[in-house]
Protein chains: 4
Amino acid sequence: MFSTLRLTYMTLSILCMLAVTAAADTRKDIQFPDIPGFKTIICDFHTHTVFSDGYVWPTVRMDEAWREGIDAIAVTDHIEYQPHSDYVSTDHNASYEVATPAAQRKKIMLIKGTEITRGTPPGHFNAVFIKDVNPIDTPDFMDAVEAAVEQGGFVFWNHPGWKGSEVGRWREVHQTLYDKEWLGGVEVLNGTTYYPQAHEWCLDKGLAMLGNSDFHRPSMHKRTETGDHRALTLVFVKKFTQDGIKSALNAARTAAWDQHRIIGREEHLAPLFKASVQVFAPHHVDENSLWVEMKNNSHLTYQLRRTGDLGPETITLEANATIIVQLESDGQNRKKTLEYTAENVLIAPNKGLPVTLIVPRKR
Amino acid sequence: MFSTLRLTYMTLSILCMLAVTAAADTRKDIQFPDIPGFKTIICDFHTHTVFSDGYVWPTVRMDEAWREGIDAIAVTDHIEYQPHSDYVSTDHNASYEVATPAAQRKKIMLIKGTEITRGTPPGHFNAVFIKDVNPIDTPDFMDAVEAAVEQGGFVFWNHPGWKGSEVGRWREVHQTLYDKEWLGGVEVLNGTTYYPQAHEWCLDKGLAMLGNSDFHRPSMHKRTETGDHRALTLVFVKKFTQDGIKSALNAARTAAWDQHRIIGREEHLAPLFKASVQVFAPHHVDENSLWVEMKNNSHLTYQLRRTGDLGPETITLEANATIIVQLESDGQNRKKTLEYTAENVLIAPNKGLPVTLIVPRKR
Amino acid sequence: MFSTLRLTYMTLSILCMLAVTAAADTRKDIQFPDIPGFKTIICDFHTHTVFSDGYVWPTVRMDEAWREGIDAIAVTDHIEYQPHSDYVSTDHNASYEVATPAAQRKKIMLIKGTEITRGTPPGHFNAVFIKDVNPIDTPDFMDAVEAAVEQGGFVFWNHPGWKGSEVGRWREVHQTLYDKEWLGGVEVLNGTTYYPQAHEWCLDKGLAMLGNSDFHRPSMHKRTETGDHRALTLVFVKKFTQDGIKSALNAARTAAWDQHRIIGREEHLAPLFKASVQVFAPHHVDENSLWVEMKNNSHLTYQLRRTGDLGPETITLEANATIIVQLESDGQNRKKTLEYTAENVLIAPNKGLPVTLIVPRKR
Amino acid sequence: MFSTLRLTYMTLSILCMLAVTAAADTRKDIQFPDIPGFKTIICDFHTHTVFSDGYVWPTVRMDEAWREGIDAIAVTDHIEYQPHSDYVSTDHNASYEVATPAAQRKKIMLIKGTEITRGTPPGHFNAVFIKDVNPIDTPDFMDAVEAAVEQGGFVFWNHPGWKGSEVGRWREVHQTLYDKEWLGGVEVLNGTTYYPQAHEWCLDKGLAMLGNSDFHRPSMHKRTETGDHRALTLVFVKKFTQDGIKSALNAARTAAWDQHRIIGREEHLAPLFKASVQVFAPHHVDENSLWVEMKNNSHLTYQLRRTGDLGPETITLEANATIIVQLESDGQNRKKTLEYTAENVLIAPNKGLPVTLIVPRKR
C-alpha cells in the first residue's frame, strides 16, 4: 500500500514488557566449537550463597546457570567467613546439599567446592571436586589445603591481586603449594578483572587458568547473542563428567572467557579460533575487488589486526554472525592468504593469537 | 567525508557488554506526576526472602527496590510456611531485622509486614505496618488478623483467585473481616495476574486496590524508559511517611500498575492522566491538516480510542515521549476538543477512563 | 573475594554505545530448518524505494536484507505512483538497475519486480520475476497483468483488505485472473496485518501465501534471537535459484512469518515444526516428576496448548532456546506421548497446528 | 502465593516484538540542562541524502531528527560529488526543498546547508545558514567560500584529519580563511572520530567546535536513556531561532557530544556539569559512613576520578540516574567538599574538567 502511517499494531506494543521475566527459565546455549580431541564445556568454579557472604539461596545459582547456558558450576562458600551465621546454618556442606536437587532438575553439573579464606598472603583459594567441606575447616592453612587434596580436590588460587602489598607476588607459600603439587591453577580472571601476571605464571608453571564470576549477588545476566555473560572458564574435556573436568583442569586444558576476550594458551586457542571461523570463496568479483563472506560460529567477537600484506587493516568477526570483507583484486583467481593477529585472544599478556585466514579461489 | 565504511570504532564494541552489571546500583526514578493534593509514590507490599519460601537474602529486596525506582517496600514472609527451616532461622522478625540497615543505606522506606497463610478459604492475607510478627503466629486465623490489626497493621487479601473452587468468591469470612473493619484492601494485581472481580469489590466496598510483585526469586527488572517493571501500587499520599502511606491505604487512595495498564478509581486516575499528558497548540498548519504535539510525562503508555468526532481512531501516547498527531483542518483557528477513552486506564473491569484532549488554537 | 562493590569496570560502560551501529554490516542468519525434500529460504517480495513512494535508495534494501538475514528480495516500485518524479527518474527499471551491484556484493538474491497499482477493485498487485517493467506500464489493468505473465512473471494480490468497501472481497476481476491462471498468490500478511480471509482463499484455491514488509521507510530491524523481524515469506525450494523460488511459488510451497506466528498449510508447517523441535529423554526422575528438556531450533517461539491428557496446560518453546518441562510421573519408564496445538502456527484462520511431542523413555 | 512457576504470562511475550518499529514516530527528548544565560539545544550540522552520495530521501533526515530528539539539523549534500546524477536531479537546492514540509510537520528546525568538497588540502567544508546553494557551485574554492559567506553563511572545516598526508595540519589555506574571517569552526567530532588537534585549534583561535553525524545511510539510532545517539553539537543559544543558533556558532558557544564524552571549553562545560548534577545531604549516617545520593539530570554519564582527599577513587554518575556514594565519616556533621576530574568532559585534549561536589551537612 502507500506509505500511510498505520497505528493499529501499536496497541500491541504495550504487551511487550511482559516478556522480560519469561526468559528466566529458558536456556540459550553458549556457542563454542569443540577442538580436535576435546569437547568444549563452560564452567564457573567460584560462586557464593547465603551460607557464607552471598545473597542468594543455593538453588538460585542453578537457575542462573541454566538460563546462562553454563554446563557445570561450583558453589564455593567461605569456610571462615559466615556473616549470616546468626540466622543461617554454619554447616559447610549445607549449600551443596540444598543445591543438589535443583541441579538435577536443571541438568546442571554441580561440583562440590569451598573457599579457603585466610589472610593475605597466602590469599584465598578454592578447592573443588571435594567430598566433605568440614575436614577442611582446620586452624592451619596448609592443613586445610592438604585435607582438600586428600579428598581428591583440585585447588586453585583466587583473584591473585586482590588486596594488600603482596598483590601480584608469587611468594614462598605459593612455591611450597606448587612444589607439593597441591596448587593446580590460578584465576587469571575474576569477575571483570584480568590478572596478566597470573597468566604469565600459568604459562610458566603449567597451571590451569581459571575465569570465574565470584558472584555474591544475584546474576543479572540473560545470555544472548550480544555476548553478555559472566566471567567463565572454557574447559576442554575428553568426557563431560566430573572426572573428565578434573582431568582437564589437572592437564591445564582451560581458557578464561571475559566479556570481550579469551585468555589461555596458544595450543588450545589456535584450534578454537580455527574451528570458530569459516572463510568462504569469493561470492562476487568485480573490477577491483573480491567480496568474501566470513562467518564466526562462536560467541566471542574476534578482533583482528592485519600483520601481513593482504586484507583490511582490521576485521571484526562479530559473535555468531557473518560479515563480508572486501579484498583488493590482483586479477587472478587463486587462493589468498591473509595474516592477522586476533588481538583479544590472549596467548600471553599483551600477546594476541596469530591467525591465518585462507580465502579459497572462486569456483 | 564520503560514505566509506570505517571499522575503527568497531573495536570498541567489544567493551559494550561490561556495562550490563554496572547498572546494578543505579536508580532510575519511576515517573508519575503528583495529583492535586497528593504526592504519588511507588510501593510493593508483597515480597519474600529465604526466611520463608523466597530465594534471596532480605537485603537483595532493598537493592532491587533502589535499582527499580521503588519508594517503599514490605518484606512479607509467610508465617506458616518456612520450607528452609532446616537451615534458616524461623524467627518471624528476622527478615525485617536483616533488611533494615540495607534499607537505610539505600534510602528505601521499609515497611514491616508478614503473610498470614491459611487454607483457602479464607486464602492468604498480608499484614503491613505491624510491629512484631510473633504475636500474629496464632492457631486461629481470626486471632492472627486481630493481632495484626491491634498493632496498627493494615490487612489486605492477596491474589483472591489463586487456588481451588472458592476462587474469586467473596465468602462469609471476608464479609466478617470487612464488617469488623479488619480488611483494608485486596490485591487486584499479583505478579502478572489481574483480578477483575477484586477490582469490582474494591469499588463497591471502598477497599484499597493493591498491585504487588509477590516476588520469590531475584528480580530481573532493570527499570528503564521502556516500561519494564514489576507489579506495583501507586499510593497517593499527603506525606511520604509510614503513617502517610497507611492513611492513604485506609482511605483507598491507590492504583495498581501493571506493565501495560493501570487499575484504580476514576477519582484518582482522571487527575493522574491529566497531570501526565500535555497537548500543545498546533506547531504547523497546512492546507488540510493541523500538526499537534502531545507529550506523555508518565511511565505508562496510554492507549486511546476515539469516542468523539475529531482525531485519529487511536492514539498511542508512549511513556515518557512525545508524538505528533495530524488533525483534519476545519479552516478555523480555534480550540479543538478531542474525546477519547484511555483503554488501558481501567476505572472498572472492562471500562477505560474517558479523557478529553484540548488542542489550543495556534498562536 | 568478599562482596565489596567495585567500580573499576564501570569506566568501560561508557564505551558501550558505540556498538550500536557496528552491527549494520553484520548478518545474523534467520534460523528455520529445512523440511524433507525442500530447503527453507527467507524472502521479502514487496519493498519500495525513492523511485516510487519509498524513502531509500535501492541499495539500502540490499544492506537491510543482508543485516536481517534475508535470502532473496524484490524491489517493487509502483508503476503508476511516482510522487518524487520532479526529482527522480521515472524509468521503471531504474531501481533494479541501481540495486543490482549492491545485491551482488552482499550476496542477496535480487528479484526483479514491480507493483501494478490501480483502483480498488481490482486493488494492488505485485509482479515478480519479470524482465522489463516498461511493457507492464499499460493503460488497461488486464493488459498489465498479461504483460507481466508473458515475461514469465509471478503475480500476486497485495494486502487484499486495504481500502474501501470492497475490502476482503473476492470479486469478478480476481476470479477472471484466477481462471486465466494469471494470479499465483495473495498476501496473507502485509507489514503487521494478517488477512484471515486471504488465508482461506489460498487454502481453497491452491494459491501461494505471501508475507511481505511493504517497506517504504528505512527498516529499523536488527535481526537477533529475540525475534525482531519484518513480515517475511518462507519459501520451500528444491533449488535456491530464481527458478527454484518461482517454481515453489507456483506450487504454493510458502508460509508467511509474522513476528509471533506463522501462517500456511499443514503440509508444510507440520514438517517444519517437527524439524524445529527436539524432545529429549528425561534427564532426571524423582518421586513425582519427570524432568524433560525440549529444544526449539527455529526462530519462531512456539505457543502450545494441551489437547491431550499429559503435560502442562501450556508450553512456550522459546525461539532458539531450550526449556525444561516437568511431567507427572506414572512410575513407569516408558515413552510418553503429549498432544498439543501450536496455537501460533496457523493452518487455517483460527486453527492452530496439531502437534505431538514424544518423550522417549529414560535411558 | 507460593513460588509456583506460572506460564500464563508467557503467551504474551510473543507479542513483544511488534513494539520495535512502533517507536519510529515517537520522540524522546535529549536531556541536557540549560546553563546560566543560555538555552542548550541539540544540533547536527552535517548529513547527506540521495541528492549527493547519501542513501535516503531528505524527509528521512527529518523523521530521524524527530525520533532522536534533535532540535535543529542541516542537510549538506556535496556540491561536487553527485554519484546518483544519472537518476536524481542535480539541483543543489533540491534536498532542502524536499525536506522543508517534513521539517515543518515534525517541528524540526531545518538549516539550509551544503558541503564544499574540494581536494585535500583544503579539505571539505560545510556552509550552513545559506540561502541558495547554486551560486556556491564555483570553479574556485575561495570563491565558493566567499559566496557562502556573502549569503550570511557560517562555514566550518569538516573532519580535519580525514585523508592524505595533510591530515591534521593547519595549512596556509586555513590561515587565509581564518584571517578573512570566513572560517567559523571545525569539526572536532565527525561520526565516531575525535580530532584532538582540532580541539586545540578551536581553543587557540576562538573557533566553534562542531560534532556531527555526517550520515549517509539511514540512522539506526533510537534515542533512549542508555545513551545511544549520533555525534551531535550542543549549542548554547540566547534564542532558539536560526539567527540565535548562528550567533551562538559565531560566538563559539558549542560543545561536541560523543557517545561517551563531551568536548568543548571549560566556560561552557563547567556550568553544564554543575547544572546536571545534584548532590544531596546524607540520608543516612552510621558508625563509619555517610550515605549520599548524587543525581545526574543529563544524558551524559559522567566519569569522575578523585583529585582531592575525600570520596571514592572513581565515581560514575550514570546518565539520567541516581547513585549512592558511601563516604568515610569523620564524626562531624559538616559540609564536605569532594574534588574530582570529570575525565570524559574534555576541556582540552587529554584534559578533563575539574569539578567540585559539595555534600551538604545532614539535616
# chains A, B, ... in the order shown; residues from 1 in each chain; ligands from 1
>>> residues_around(residues="Leu249 of chain C", least_positions_apart="2", cutoff="8 Å", atoms="only C-alpha atoms", output="JSON, numbers by chain")
{"C": [154, 184, 185, 208, 235, 245, 246, 247, 251, 252, 253, 254]}
>>> residues_around(residues="segment 322-325 of chain A", least_positions_apart="2", cutoff="6 Å", atoms="only C-alpha atoms", output="ChimeraX atom specification")
/A:291-295 /C:26-27
>>> select_by_dssp(residues="segment 187-319 of chain C", states="alpha helix (DSSP H)", output="JSON, numbers by chain")
{"C": [196, 197, 198, 199, 200, 201, 202, 203, 204, 205, 242, 243, 244, 245, 246, 247, 248, 249, 250, 266, 267, 268, 269, 270, 271, 272, 273, 274, 275, 276]}
>>> interface_residues(of="chain A", to="chain C", cutoff="7 Å", atoms="only C-alpha atoms", output="number ranges by chain")
A: 3, 9, 25-28, 104-105, 107, 192, 216, 225, 283-284, 291, 320-323
>>> select_by_dssp(residues="segment 195-296 of chain D", states="strand (DSSP E or B)", output="VMD selection string")
chain D and resid 208 to 212 215 232 to 237 254 to 257 262 to 263 277 to 279 284 to 285 289 to 296
>>> residues_around(residues="Glu339 of chain B", least_positions_apart="3", cutoff="6 Å", atoms="only C-alpha atoms", output="PyMOL selection string")
chain B and resi 307-308+356
>>> write_last_selection(atoms="N, CA and C atoms", output="mmCIF file, in the first residue's frame")
data_model
loop_
_atom_site.group_PDB
_atom_site.id
_atom_site.type_symbol
_atom_site.label_atom_id
_atom_site.label_comp_id
_atom_site.auth_asym_id
_atom_site.auth_seq_id
_atom_site.Cartn_x
_atom_site.Cartn_y
_atom_site.Cartn_z
ATOM 1 N N THR B 307 -13.782 8.436 20.969
ATOM 2 C CA THR B 307 -15.214 8.292 21.241
ATOM 3 C C THR B 307 -15.991 9.456 20.636
ATOM 4 N N GLY B 308 -15.284 10.535 20.307
ATOM 5 C CA GLY B 308 -15.949 11.689 19.718
ATOM 6 C C GLY B 308 -15.776 11.730 18.212
ATOM 7 N N THR B 356 -10.452 13.815 27.817
ATOM 8 C CA THR B 356 -10.629 14.893 26.843
ATOM 9 C C THR B 356 -9.273 15.533 26.584
#
>>> atom_distance(atom1="atom CA of Asn297 of chain C", atom2="atom CA of Val279 of chain C")
11.2 Å
>>> residues_around(residues="segment 344-352 of chain C", least_positions_apart="2", cutoff="10 Å", atoms="only C-alpha atoms", output="ChimeraX atom specification")
/C:194-200,202-203,255-258,260-270,273,300-305,340-342,354-355 /D:11,14
>>> atom_distance(atom1="atom CA of Asp204 of chain A", atom2="atom CA of Ile42 of chain A")
24.4 Å
